[in-house]
Amino acid sequence: MLDGAVSESRYARHHILPEIGKTGQDRLGAARVLVVGAGGLGAPVLLYLAAAGVGHIGIADDDVVSLSNLQRQVLHSTSWLDQPKTYSALERLHDLNPGIDIATYPFRVGEAQAASLVHRYDLVIDCTDNLDGRYVLNRACVKARVPLLSGAISGWEGQIGLYDPVHGGPCFACVFPEVQKQRPIQTKGVVGALPGVVGATMALNAIKHIAGAGASLRGKLMLFDTLWNEQSVLNVARDGTCPVCGDIHFREKREC
Amino acid sequence: MAVYDVVYFAWVRERIGLPREQVESTATHVTDLVRELTAREPRYAAAFADPSAIRVALDQDLSHFDATLDGVREVAFFPPMTGG
């Protein structure tokens with residue numbers, strides 16, 4: 001088949017969806033999305049974005065595939081044990097959709113790496129497993145004026161927010177102000193299907209954001225409690241005194 | 001005396017041991033409600049030991065611990081989650 005025919009067939013169910021259509025599919029194909037963390041949340045996010053035809057995907061993760069990951073990180077397989085998650089992800093996504101570009105960053109994204117990476121992307125998706133990493137990504141995204149779709153899970157629960165202060169919503173630090181204290185990384189239990197629910201919802205909202213479909217998650221925080229079937233969508237506003245994004249509009253004017 | 005639907009998420013819910021309850025209270029502000037809950041039992045005191053780690057939403061709007069409860073029906077307490 002010719003490339004056009006392949007694309008027509010692969011994305012047929014998007015093309016006939018009024019909220020996406022060929023225009024939305026073209027936007028997905030032109031989009032550059034950086035996914036930080038190829039673990040529990042990163043697995044469904046990467047699989048669904050690659051399947052949806054997001055044209056350029058960056059994958060950052062410094063970890064290797066462990067046996068205890070496979071109960072929930074469905075992107076990886078037993079045959080990839082002890083190998084870098086970025087390589088396992090690259091192979092799986094190439095097999096799923098050879099028509100997209102994928103860049104791998106097999107290192108931990110600290111301040112310097114975040115600053116050099118995020119400005120190359122249209123959207124950054126936070127699938128990290130620690131709060132410090134989330135603050136690092138938030139600061140870099142605010143500075144580079146790139147929206148940040150951030151998700152987190154623990155036990156049976158999850159949270160998702162789209163932080164895009166350039167367009168009036170809050171940044172991550174407006175909603176969860178940074179508290180200077182020791183935060184030991186706790187290894188907690190997590191039910192295997194939970195990152196599927198939360199990660200697929202993140203992928204769905206990334207697709208909506210890129211295609212311009214439906215209601216944005218900007219200014220909202222979704223909370224899921226899958227054990228007790230509680231779900232809330234909270235309204236979250238920018239904090240004008242936020243040390244991270246408080247002066248973003250001032251900066252915008254100064255730059256113009 | 002007002003009755004509030006109080007909702008707990010993540011480790012706040014784990015420490016208190018239930019996802020939601022109705023609370024009768026004379027509290028006028030969120031801080032007063034937290035003080036009343038904390039005085040109830042050690043599990044509430046454990047959940048609210050460090051309020052700087054918890055955010056509050058009043059009727060689904062992100063708010064602050066010093067906000068008034070006037071006219072509010074639902075109070076939700078939630079911390080940032082960290083796992084991925």
# chains A, B, ... in the order shown; residues from 1 in each chain; ligands from 1
>>> closest_atom_pairs(of="chain B", to="chain A", cutoff="12 Å", atoms="only C-alpha atoms", output="JSON lines")
{"residue": "B:Val7", "atom": "CA", "partner": "A:Glu230", "partner_atom": "CA", "distance": 9.1}
{"residue": "B:Tyr8", "atom": "CA", "partner": "A:Asp225", "partner_atom": "CA", "distance": 9.6}
{"residue": "B:Phe9", "atom": "CA", "partner": "A:Asp225", "partner_atom": "CA", "distance": 7.2}
{"residue": "B:Ala10", "atom": "CA", "partner": "A:Glu157", "partner_atom": "CA", "distance": 6.3}
{"residue": "B:Trp11", "atom": "CA", "partner": "A:Ser154", "partner_atom": "CA", "distance": 8.8}
{"residue": "B:Val12", "atom": "CA", "partner": "A:Glu157", "partner_atom": "CA", "distance": 11.7}
{"residue": "B:Arg13", "atom": "CA", "partner": "A:Asp225", "partner_atom": "CA", "distance": 9.7}
{"residue": "B:Glu14", "atom": "CA", "partner": "A:Gly155", "partner_atom": "CA", "distance": 9.6}
{"residue": "B:Gly17", "atom": "CA", "partner": "A:Trp228", "partner_atom": "CA", "distance": 11.4}
{"residue": "B:Leu18", "atom": "CA", "partner": "A:Trp228", "partner_atom": "CA", "distance": 8.9}
{"residue": "B:Pro19", "atom": "CA", "partner": "A:Trp228", "partner_atom": "CA", "distance": 6.8}
{"residue": "B:Arg20", "atom": "CA", "partner": "A:Glu230", "partner_atom": "CA", "distance": 9.0}
{"residue": "B:Asp50", "atom": "CA", "partner": "A:Val179", "partner_atom": "CA", "distance": 10.9}
{"residue": "B:Pro51", "atom": "CA", "partner": "A:Val179", "partner_atom": "CA", "distance": 11.0}
{"residue": "B:Ser52", "atom": "CA", "partner": "A:Val179", "partner_atom": "CA", "distance": 7.3}
{"residue": "B:Ala53", "atom": "CA", "partner": "A:Val179", "partner_atom": "CA", "distance": 7.6}
{"residue": "B:Ile54", "atom": "CA", "partner": "A:Phe176", "partner_atom": "CA", "distance": 8.5}
{"residue": "B:Arg55", "atom": "CA", "partner": "A:Phe176", "partner_atom": "CA", "distance": 7.4}
{"residue": "B:Val56", "atom": "CA", "partner": "A:Val175", "partner_atom": "CA", "distance": 10.1}
{"residue": "B:Ala57", "atom": "CA", "partner": "A:Leu234", "partner_atom": "CA", "distance": 7.2}
{"residue": "B:Leu58", "atom": "CA", "partner": "A:Leu234", "partner_atom": "CA", "distance": 9.1}
{"residue": "B:Asp59", "atom": "CA", "partner": "A:Leu234", "partner_atom": "CA", "distance": 8.4}
{"residue": "B:Gln60", "atom": "CA", "partner": "A:Leu234", "partner_atom": "CA", "distance": 4.6}
{"residue": "B:Asp61", "atom": "CA", "partner": "A:Asn235", "partner_atom": "CA", "distance": 4.7}
{"residue": "B:Leu62", "atom": "CA", "partner": "A:Val236", "partner_atom": "CA", "distance": 5.2}
{"residue": "B:Ser63", "atom": "CA", "partner": "A:Val236", "partner_atom": "CA", "distance": 8.4}
{"residue": "B:His64", "atom": "CA", "partner": "A:Val175", "partner_atom": "CA", "distance": 10.7}
{"residue": "B:Glu74", "atom": "CA", "partner": "A:Ser232", "partner_atom": "CA", "distance": 11.3}
{"residue": "B:Val75", "atom": "CA", "partner": "A:Leu234", "partner_atom": "CA", "distance": 11.4}
{"residue": "B:Ala76", "atom": "CA", "partner": "A:Ser232", "partner_atom": "CA", "distance": 9.3}
{"residue": "B:Phe77", "atom": "CA", "partner": "A:Leu223", "partner_atom": "CA", "distance": 11.0}
{"residue": "B:Phe78", "atom": "CA", "partner": "A:Leu223", "partner_atom": "CA", "distance": 8.8}
{"residue": "B:Pro79", "atom": "CA", "partner": "A:Phe176", "partner_atom": "CA", "distance": 8.1}
{"residue": "B:Pro80", "atom": "CA", "partner": "A:Phe176", "partner_atom": "CA", "distance": 6.4}
{"residue": "B:Met81", "atom": "CA", "partner": "A:Ala152", "partner_atom": "CA", "distance": 5.5}
{"residue": "B:Thr82", "atom": "CA", "partner": "A:Asn130", "partner_atom": "CA", "distance": 4.9}
{"residue": "B:Gly83", "atom": "CA", "partner": "A:Asp129", "partner_atom": "CA", "distance": 4.3}
{"residue": "B:Gly84", "atom": "CA", "partner": "A:Asp129", "partner_atom": "CA", "distance": 4.2}
>>> select_by_dssp(residues="chain B", states="alpha helix (DSSP H)", output="list of chain:residue names")
B:Ala10, B:Trp11, B:Val12, B:Arg13, B:Glu14, B:Arg15, B:Ile16, B:Val30, B:Thr31, B:Asp32, B:Leu33, B:Val34, B:Arg35, B:Glu36, B:Leu37, B:Thr38, B:Ala39, B:Arg40, B:Pro42, B:Arg43, B:Tyr44, B:Ala45, B:Ala46, B:Ala47
>>> write_last_selection(atoms="C-alpha atoms", output="JSON list (two decimals), in the first residue's frame")
[["chain", "number", "residue", "atom", "x", "y", "z"],
["B", 10, "ALA", "CA", -4.95, 8.95, 48.98],
["B", 11, "TRP", "CA", -2.99, 8.56, 52.23],
["B", 12, "VAL", "CA", -5.44, 10.84, 54.07],
["B", 13, "ARG", "CA", -8.12, 8.25, 53.28],
["B", 14, "GLU", "CA", -5.77, 5.40, 54.20],
["B", 15, "ARG", "CA", -4.97, 6.89, 57.60],
["B", 16, "ILE", "CA", -8.58, 7.75, 58.46],
["B", 30, "VAL", "CA", -11.56, 24.75, 57.38],
["B", 31, "THR", "CA", -8.90, 25.04, 60.11],
["B", 32, "ASP", "CA", -11.59, 24.71, 62.79],
["B", 33, "LEU", "CA", -13.00, 21.61, 61.10],
["B", 34, "VAL", "CA", -9.52, 20.08, 60.91],
["B", 35, "ARG", "CA", -9.01, 20.87, 64.62],
["B", 36, "GLU", "CA", -12.31, 19.17, 65.50],
["B", 37, "LEU", "CA", -11.47, 16.10, 63.41],
["B", 38, "THR", "CA", -7.94, 15.92, 64.84],
["B", 39, "ALA", "CA", -9.37, 15.90, 68.39],
["B", 40, "ARG", "CA", -11.68, 12.96, 67.59],
["B", 42, "PRO", "CA", -5.57, 9.34, 66.78],
["B", 43, "ARG", "CA", -6.23, 8.21, 63.17],
["B", 44, "TYR", "CA", -7.52, 11.71, 62.32],
["B", 45, "ALA", "CA", -4.60, 13.29, 64.18],
["B", 46, "ALA", "CA", -2.24, 11.11, 62.10],
["B", 47, "ALA", "CA", -3.92, 12.14, 58.86]]
>>> residues_around(residues="range 96-98 of chain A", least_positions_apart="3", cutoff="10 Å", atoms="only C-alpha atoms", output="mmCIF file with C-alpha atoms, in the first residue's frame")
data_model
loop_
_atom_site.group_PDB
_atom_site.id
_atom_site.type_symbol
_atom_site.label_atom_id
_atom_site.label_comp_id
_atom_site.auth_asym_id
_atom_site.auth_seq_id
_atom_site.Cartn_x
_atom_site.Cartn_y
_atom_site.Cartn_z
ATOM 1 C CA ARG A 10 -4.566 2.821 10.209
ATOM 2 C CA LEU A 47 1.159 2.699 23.641
ATOM 3 C CA TYR A 48 -1.947 4.809 22.982
ATOM 4 C CA LEU A 49 -0.050 7.854 21.680
ATOM 5 C CA ALA A 50 2.011 5.713 19.296
ATOM 6 C CA ALA A 51 -1.116 3.855 18.166
ATOM 7 C CA ALA A 52 -2.907 7.196 17.690
ATOM 8 C CA GLY A 53 -0.168 8.349 15.321
ATOM 9 C CA VAL A 54 1.469 11.085 17.378
ATOM 10 C CA LEU A 90 11.278 1.801 21.437
ATOM 11 C CA GLU A 91 11.051 -1.748 20.055
ATOM 12 C CA ARG A 92 7.439 -2.194 21.140
ATOM 13 C CA LEU A 93 6.316 1.172 19.744
ATOM 14 C CA ASP A 101 9.556 9.034 14.952
ATOM 15 C CA ILE A 102 10.742 8.064 18.410
#
>>> select_by_dssp(residues="range 7-233 of chain A", states="strand (DSSP E or B)", output="ChimeraX atom specification")
/A:32-36,56-60,64,84,101-105,123-126,148-155,157-163,190,218,220-225,230-233
>>> write_last_selection(atoms="N, CA and C atoms", output="short mmCIF file (atom, residue, chain, number, x, y, z; two decimals), in the first residue's frame")
data_model
loop_
_atom_site.label_atom_id
_atom_site.label_comp_id
_atom_site.auth_asym_id
_atom_site.auth_seq_id
_atom_site.Cartn_x
_atom_site.Cartn_y
_atom_site.Cartn_z
N ARG A 32 4.66 16.86 18.65
CA ARG A 32 5.87 16.35 19.30
C ARG A 32 5.58 16.26 20.80
N VAL A 33 5.61 15.05 21.32
CA VAL A 33 5.23 14.83 22.73
C VAL A 33 6.37 14.12 23.46
N LEU A 34 6.74 14.68 24.61
CA LEU A 34 7.78 14.06 25.44
C LEU A 34 7.11 13.35 26.62
N VAL A 35 7.38 12.06 26.76
CA VAL A 35 6.84 11.29 27.88
C VAL A 35 8.00 11.00 28.84
N VAL A 36 7.90 11.52 30.06
CA VAL A 36 8.96 11.31 31.04
C VAL A 36 8.50 10.22 32.01
N HIS A 56 5.83 12.46 16.61
CA HIS A 56 7.16 12.37 17.22
C HIS A 56 7.00 12.21 18.72
N ILE A 57 7.54 11.12 19.25
CA ILE A 57 7.43 10.83 20.68
C ILE A 57 8.83 10.72 21.26
N GLY A 58 9.07 11.45 22.34
CA GLY A 58 10.31 11.31 23.10
C GLY A 58 10.03 10.48 24.35
N ILE A 59 10.94 9.57 24.67
CA ILE A 59 10.76 8.71 25.86
C ILE A 59 11.98 8.89 26.76
N ALA A 60 11.76 9.37 27.98
CA ALA A 60 12.87 9.53 28.93
C ALA A 60 12.65 8.61 30.12
N VAL A 64 15.80 0.16 34.28
CA VAL A 64 15.74 -1.08 33.50
C VAL A 64 14.49 -1.86 33.90
N PRO A 84 17.27 -1.63 29.40
CA PRO A 84 16.69 -0.29 29.61
C PRO A 84 15.25 -0.21 29.13
N ASP A 101 8.17 8.86 14.48
CA ASP A 101 9.56 9.03 14.95
C ASP A 101 9.59 8.91 16.47
N ILE A 102 10.60 8.23 16.96
CA ILE A 102 10.74 8.06 18.41
C ILE A 102 12.17 8.40 18.80
N ALA A 103 12.31 9.24 19.82
CA ALA A 103 13.64 9.56 20.37
C ALA A 103 13.70 9.00 21.78
N THR A 104 14.84 8.41 22.15
CA THR A 104 14.96 7.87 23.51
C THR A 104 16.02 8.65 24.29
N TYR A 105 15.73 8.86 25.56
CA TYR A 105 16.64 9.55 26.47
C TYR A 105 16.82 8.65 27.69
N LEU A 123 4.14 19.23 23.94
CA LEU A 123 3.44 18.78 25.15
C LEU A 123 4.37 17.84 25.89
N VAL A 124 4.44 18.01 27.22
CA VAL A 124 5.24 17.10 28.04
C VAL A 124 4.27 16.32 28.93
N ILE A 125 4.47 15.01 29.01
CA ILE A 125 3.60 14.18 29.84
C ILE A 125 4.43 13.59 30.98
N ASP A 126 3.99 13.93 32.19
CA ASP A 126 4.72 13.56 33.40
C ASP A 126 4.20 12.23 33.92
N LEU A 148 2.05 20.96 30.45
CA LEU A 148 2.47 19.74 31.15
C LEU A 148 1.22 18.97 31.57
N LEU A 149 1.10 17.75 31.07
CA LEU A 149 0.01 16.86 31.49
C LEU A 149 0.61 15.91 32.51
N SER A 150 0.15 16.03 33.75
CA SER A 150 0.81 15.31 34.84
C SER A 150 -0.16 14.33 35.49
N GLY A 151 0.30 13.09 35.67
CA GLY A 151 -0.51 12.09 36.33
C GLY A 151 0.29 11.40 37.42
N ALA A 152 -0.41 10.89 38.43
CA ALA A 152 0.26 10.20 39.53
C ALA A 152 -0.68 9.12 40.06
N ILE A 153 -0.07 8.06 40.60
CA ILE A 153 -0.88 6.97 41.16
C ILE A 153 -0.28 6.47 42.46
N SER A 154 -1.11 5.83 43.25
CA SER A 154 -0.66 5.15 44.45
C SER A 154 -1.78 4.22 44.91
N GLY A 155 -1.46 3.03 45.25
CA GLY A 155 -2.46 2.10 45.77
C GLY A 155 -3.57 1.83 44.76
N GLU A 157 -5.48 4.67 43.76
CA GLU A 157 -5.93 6.03 43.45
C GLU A 157 -5.02 6.73 42.46
N GLY A 158 -5.57 7.74 41.80
CA GLY A 158 -4.79 8.50 40.84
C GLY A 158 -5.24 9.94 40.76
N GLN A 159 -4.37 10.77 40.18
CA GLN A 159 -4.65 12.19 39.96
C GLN A 159 -4.16 12.56 38.57
N ILE A 160 -4.89 13.44 37.88
CA ILE A 160 -4.44 13.94 36.58
C ILE A 160 -4.75 15.43 36.49
N GLY A 161 -3.78 16.21 36.01
CA GLY A 161 -4.01 17.63 35.75
C GLY A 161 -3.27 18.06 34.50
N LEU A 162 -3.81 19.07 33.80
CA LEU A 162 -3.11 19.67 32.66
C LEU A 162 -2.69 21.07 33.08
N TYR A 163 -1.38 21.27 33.18
CA TYR A 163 -0.86 22.53 33.71
C TYR A 163 -0.32 23.37 32.55
N VAL A 190 0.55 -1.09 44.44
CA VAL A 190 -0.32 -0.50 43.43
C VAL A 190 -1.02 -1.63 42.68
N ARG A 218 -7.42 21.74 31.36
CA ARG A 218 -6.75 22.92 31.91
C ARG A 218 -7.64 23.50 33.01
N LYS A 220 -8.41 22.02 35.73
CA LYS A 220 -9.13 20.93 36.42
C LYS A 220 -8.12 19.97 37.03
N LEU A 221 -8.53 19.32 38.09
CA LEU A 221 -7.73 18.23 38.66
C LEU A 221 -8.67 17.05 38.84
N MET A 222 -8.36 15.95 38.13
CA MET A 222 -9.19 14.74 38.27
C MET A 222 -8.61 13.89 39.39
N LEU A 223 -9.48 13.43 40.29
CA LEU A 223 -9.07 12.52 41.36
C LEU A 223 -9.85 11.22 41.19
N PHE A 224 -9.14 10.10 41.19
CA PHE A 224 -9.79 8.79 41.08
C PHE A 224 -9.51 7.99 42.34
N ASP A 225 -10.55 7.42 42.93
CA ASP A 225 -10.36 6.42 43.99
C ASP A 225 -11.08 5.17 43.51
N GLU A 230 -14.93 6.47 44.03
CA GLU A 230 -15.09 7.91 44.17
C GLU A 230 -14.33 8.58 43.03
N GLN A 231 -14.93 9.55 42.38
CA GLN A 231 -14.22 10.29 41.35
C GLN A 231 -14.63 11.75 41.47
N SER A 232 -13.66 12.65 41.46
CA SER A 232 -13.97 14.08 41.54
C SER A 232 -13.20 14.82 40.46
N VAL A 233 -13.82 15.85 39.92
CA VAL A 233 -13.09 16.77 39.05
C VAL A 233 -13.15 18.13 39.74
#
>>> atom_distance(atom1="CA of Ala144 in chain A", atom2="CA of Ala89 in chain A")
26.4 Å
>>> atom_distance(atom1="CA of Ser7 in chain A", atom2="CA of Leu46 in chain A")
19.0 Å
>>> residues_around(residues="Glu19 in chain A", least_positions_apart="3", cutoff="8 Å", atoms="only C-alpha atoms", output="list in words")
Gly24, Ala211, Gly212, Ala213 and Gly214 of chain A
>>> write_last_selection(atoms="C-alpha atoms", output="PDB file, in the first residue's frame")
ATOM      1  CA  GLY A  24      -7.242  16.286  14.062  1.00  0.00           C
ATOM      2  CA  ALA A 211      -6.656  17.507  18.244  1.00  0.00           C
ATOM      3  CA  GLY A 212      -8.529  20.355  19.921  1.00  0.00           C
ATOM      4  CA  ALA A 213     -11.469  18.090  20.805  1.00  0.00           C
ATOM      5  CA  GLY A 214     -13.967  18.631  23.608  1.00  0.00           C
TER       6      GLY A 214
END
>>> residues_around(residues="Thr28 in chain B", least_positions_apart="2", cutoff="7 Å", atoms="only C-alpha atoms", output="CSV table (one decimal) with C-alpha atoms, in the first residue's frame")
chain,number,residue,atom,x,y,z
B,26,THR,CA,-19.9,24.2,64.4
B,32,ASP,CA,-11.6,24.7,62.8
B,68,THR,CA,-14.7,30.0,55.5
B,69,LEU,CA,-17.2,27.1,55.4
B,70,ASP,CA,-20.2,29.4,55.0
>>> closest_residue(among="A:Gly29, A:Gly110, A:Pro147, A:Gly99", to="His209 in chain A", atoms="only C-alpha atoms")
A:Pro147
>>> atom_distance(atom1="CA of Val142 in chain A", atom2="CA of Pro170 in chain A")
10.1 Å
>>> decode(residues="range 20-53 of chain B", atoms="N, CA and C atoms", output="PDB file, in the first residue's frame")
ATOM      1  N   ARG B  20     -15.315   8.670  52.804  1.00  0.00           N
ATOM      2  CA  ARG B  20     -16.264   9.793  52.859  1.00  0.00           C
ATOM      3  C   ARG B  20     -17.117   9.624  54.105  1.00  0.00           C
ATOM      4  N   GLU B  21     -17.475  10.718  54.723  1.00  0.00           N
ATOM      5  CA  GLU B  21     -18.379  10.651  55.872  1.00  0.00           C
ATOM      6  C   GLU B  21     -19.104  11.983  56.017  1.00  0.00           C
ATOM      7  N   GLN B  22     -20.216  11.943  56.736  1.00  0.00           N
ATOM      8  CA  GLN B  22     -20.924  13.181  57.055  1.00  0.00           C
ATOM      9  C   GLN B  22     -20.460  13.639  58.430  1.00  0.00           C
ATOM     10  N   VAL B  23     -20.136  14.910  58.529  1.00  0.00           N
ATOM     11  CA  VAL B  23     -19.608  15.445  59.777  1.00  0.00           C
ATOM     12  C   VAL B  23     -20.483  16.621  60.217  1.00  0.00           C
ATOM     13  N   GLU B  24     -20.990  16.524  61.427  1.00  0.00           N
ATOM     14  CA  GLU B  24     -21.717  17.653  62.024  1.00  0.00           C
ATOM     15  C   GLU B  24     -20.710  18.526  62.731  1.00  0.00           C
ATOM     16  N   SER B  25     -20.787  19.808  62.471  1.00  0.00           N
ATOM     17  CA  SER B  25     -19.736  20.659  63.029  1.00  0.00           C
ATOM     18  C   SER B  25     -20.233  22.083  63.232  1.00  0.00           C
ATOM     19  N   THR B  26     -19.642  22.751  64.225  1.00  0.00           N
ATOM     20  CA  THR B  26     -19.909  24.182  64.432  1.00  0.00           C
ATOM     21  C   THR B  26     -18.769  25.013  63.839  1.00  0.00           C
ATOM     22  N   ALA B  27     -17.827  24.353  63.158  1.00  0.00           N
ATOM     23  CA  ALA B  27     -16.656  25.045  62.608  1.00  0.00           C
ATOM     24  C   ALA B  27     -17.092  26.134  61.619  1.00  0.00           C
ATOM     25  N   THR B  28     -16.399  27.249  61.656  1.00  0.00           N
ATOM     26  CA  THR B  28     -16.699  28.315  60.687  1.00  0.00           C
ATOM     27  C   THR B  28     -15.666  28.333  59.557  1.00  0.00           C
ATOM     28  N   HIS B  29     -14.474  27.799  59.809  1.00  0.00           N
ATOM     29  CA  HIS B  29     -13.410  27.764  58.813  1.00  0.00           C
ATOM     30  C   HIS B  29     -12.835  26.352  58.700  1.00  0.00           C
ATOM     31  N   VAL B  30     -12.145  26.087  57.595  1.00  0.00           N
ATOM     32  CA  VAL B  30     -11.564  24.755  57.382  1.00  0.00           C
ATOM     33  C   VAL B  30     -10.632  24.387  58.542  1.00  0.00           C
ATOM     34  N   THR B  31      -9.837  25.332  59.006  1.00  0.00           N
ATOM     35  CA  THR B  31      -8.896  25.040  60.106  1.00  0.00           C
ATOM     36  C   THR B  31      -9.638  24.554  61.350  1.00  0.00           C
ATOM     37  N   ASP B  32     -10.808  25.145  61.620  1.00  0.00           N
ATOM     38  CA  ASP B  32     -11.587  24.711  62.794  1.00  0.00           C
ATOM     39  C   ASP B  32     -12.074  23.269  62.609  1.00  0.00           C
ATOM     40  N   LEU B  33     -12.522  22.970  61.388  1.00  0.00           N
ATOM     41  CA  LEU B  33     -13.001  21.615  61.096  1.00  0.00           C
ATOM     42  C   LEU B  33     -11.863  20.608  61.269  1.00  0.00           C
ATOM     43  N   VAL B  34     -10.679  20.969  60.777  1.00  0.00           N
ATOM     44  CA  VAL B  34      -9.519  20.082  60.909  1.00  0.00           C
ATOM     45  C   VAL B  34      -9.189  19.891  62.388  1.00  0.00           C
ATOM     46  N   ARG B  35      -9.291  20.961  63.182  1.00  0.00           N
ATOM     47  CA  ARG B  35      -9.007  20.874  64.623  1.00  0.00           C
ATOM     48  C   ARG B  35     -10.023  19.928  65.298  1.00  0.00           C
ATOM     49  N   GLU B  36     -11.278  20.055  64.918  1.00  0.00           N
ATOM     50  CA  GLU B  36     -12.310  19.168  65.497  1.00  0.00           C
ATOM     51  C   GLU B  36     -12.049  17.707  65.132  1.00  0.00           C
ATOM     52  N   LEU B  37     -11.725  17.479  63.852  1.00  0.00           N
ATOM     53  CA  LEU B  37     -11.465  16.097  63.408  1.00  0.00           C
ATOM     54  C   LEU B  37     -10.240  15.535  64.125  1.00  0.00           C
ATOM     55  N   THR B  38      -9.196  16.349  64.217  1.00  0.00           N
ATOM     56  CA  THR B  38      -7.943  15.918  64.837  1.00  0.00           C
ATOM     57  C   THR B  38      -8.181  15.497  66.295  1.00  0.00           C
ATOM     58  N   ALA B  39      -9.098  16.194  66.976  1.00  0.00           N
ATOM     59  CA  ALA B  39      -9.368  15.901  68.394  1.00  0.00           C
ATOM     60  C   ALA B  39     -10.192  14.623  68.573  1.00  0.00           C
ATOM     61  N   ARG B  40     -10.791  14.128  67.485  1.00  0.00           N
ATOM     62  CA  ARG B  40     -11.677  12.956  67.586  1.00  0.00           C
ATOM     63  C   ARG B  40     -10.944  11.694  68.012  1.00  0.00           C
ATOM     64  N   GLU B  41      -9.934  11.327  67.193  1.00  0.00           N
ATOM     65  CA  GLU B  41      -9.261  10.039  67.374  1.00  0.00           C
ATOM     66  C   GLU B  41      -7.851  10.150  66.807  1.00  0.00           C
ATOM     67  N   PRO B  42      -6.952   9.285  67.274  1.00  0.00           N
ATOM     68  CA  PRO B  42      -5.568   9.336  66.779  1.00  0.00           C
ATOM     69  C   PRO B  42      -5.457   9.188  65.261  1.00  0.00           C
ATOM     70  N   ARG B  43      -6.364   8.410  64.625  1.00  0.00           N
ATOM     71  CA  ARG B  43      -6.226   8.209  63.169  1.00  0.00           C
ATOM     72  C   ARG B  43      -6.443   9.528  62.422  1.00  0.00           C
ATOM     73  N   TYR B  44      -7.325  10.394  62.939  1.00  0.00           N
ATOM     74  CA  TYR B  44      -7.522  11.708  62.316  1.00  0.00           C
ATOM     75  C   TYR B  44      -6.299  12.594  62.581  1.00  0.00           C
ATOM     76  N   ALA B  45      -5.794  12.509  63.835  1.00  0.00           N
ATOM     77  CA  ALA B  45      -4.599  13.292  64.177  1.00  0.00           C
ATOM     78  C   ALA B  45      -3.439  12.893  63.278  1.00  0.00           C
ATOM     79  N   ALA B  46      -3.328  11.583  62.979  1.00  0.00           N
ATOM     80  CA  ALA B  46      -2.244  11.108  62.105  1.00  0.00           C
ATOM     81  C   ALA B  46      -2.421  11.648  60.690  1.00  0.00           C
ATOM     82  N   ALA B  47      -3.667  11.673  60.224  1.00  0.00           N
ATOM     83  CA  ALA B  47      -3.924  12.141  58.864  1.00  0.00           C
ATOM     84  C   ALA B  47      -3.610  13.631  58.710  1.00  0.00           C
ATOM     85  N   PHE B  48      -3.917  14.403  59.742  1.00  0.00           N
ATOM     86  CA  PHE B  48      -3.740  15.866  59.639  1.00  0.00           C
ATOM     87  C   PHE B  48      -2.494  16.369  60.365  1.00  0.00           C
ATOM     88  N   ALA B  49      -1.556  15.449  60.662  1.00  0.00           N
ATOM     89  CA  ALA B  49      -0.359  15.845  61.407  1.00  0.00           C
ATOM     90  C   ALA B  49       0.425  16.932  60.681  1.00  0.00           C
ATOM     91  N   ASP B  50       0.448  16.883  59.352  1.00  0.00           N
ATOM     92  CA  ASP B  50       1.194  17.884  58.591  1.00  0.00           C
ATOM     93  C   ASP B  50       0.272  18.501  57.531  1.00  0.00           C
ATOM     94  N   PRO B  51      -0.502  19.515  57.928  1.00  0.00           N
ATOM     95  CA  PRO B  51      -1.470  20.084  56.975  1.00  0.00           C
ATOM     96  C   PRO B  51      -0.806  20.689  55.735  1.00  0.00           C
ATOM     97  N   SER B  52       0.478  21.036  55.809  1.00  0.00           N
ATOM     98  CA  SER B  52       1.131  21.631  54.630  1.00  0.00           C
ATOM     99  C   SER B  52       1.231  20.620  53.486  1.00  0.00           C
ATOM    100  N   ALA B  53       1.048  19.330  53.805  1.00  0.00           N
ATOM    101  CA  ALA B  53       1.132  18.295  52.768  1.00  0.00           C
ATOM    102  C   ALA B  53      -0.233  17.973  52.169  1.00  0.00           C
TER     103      ALA B  53
END
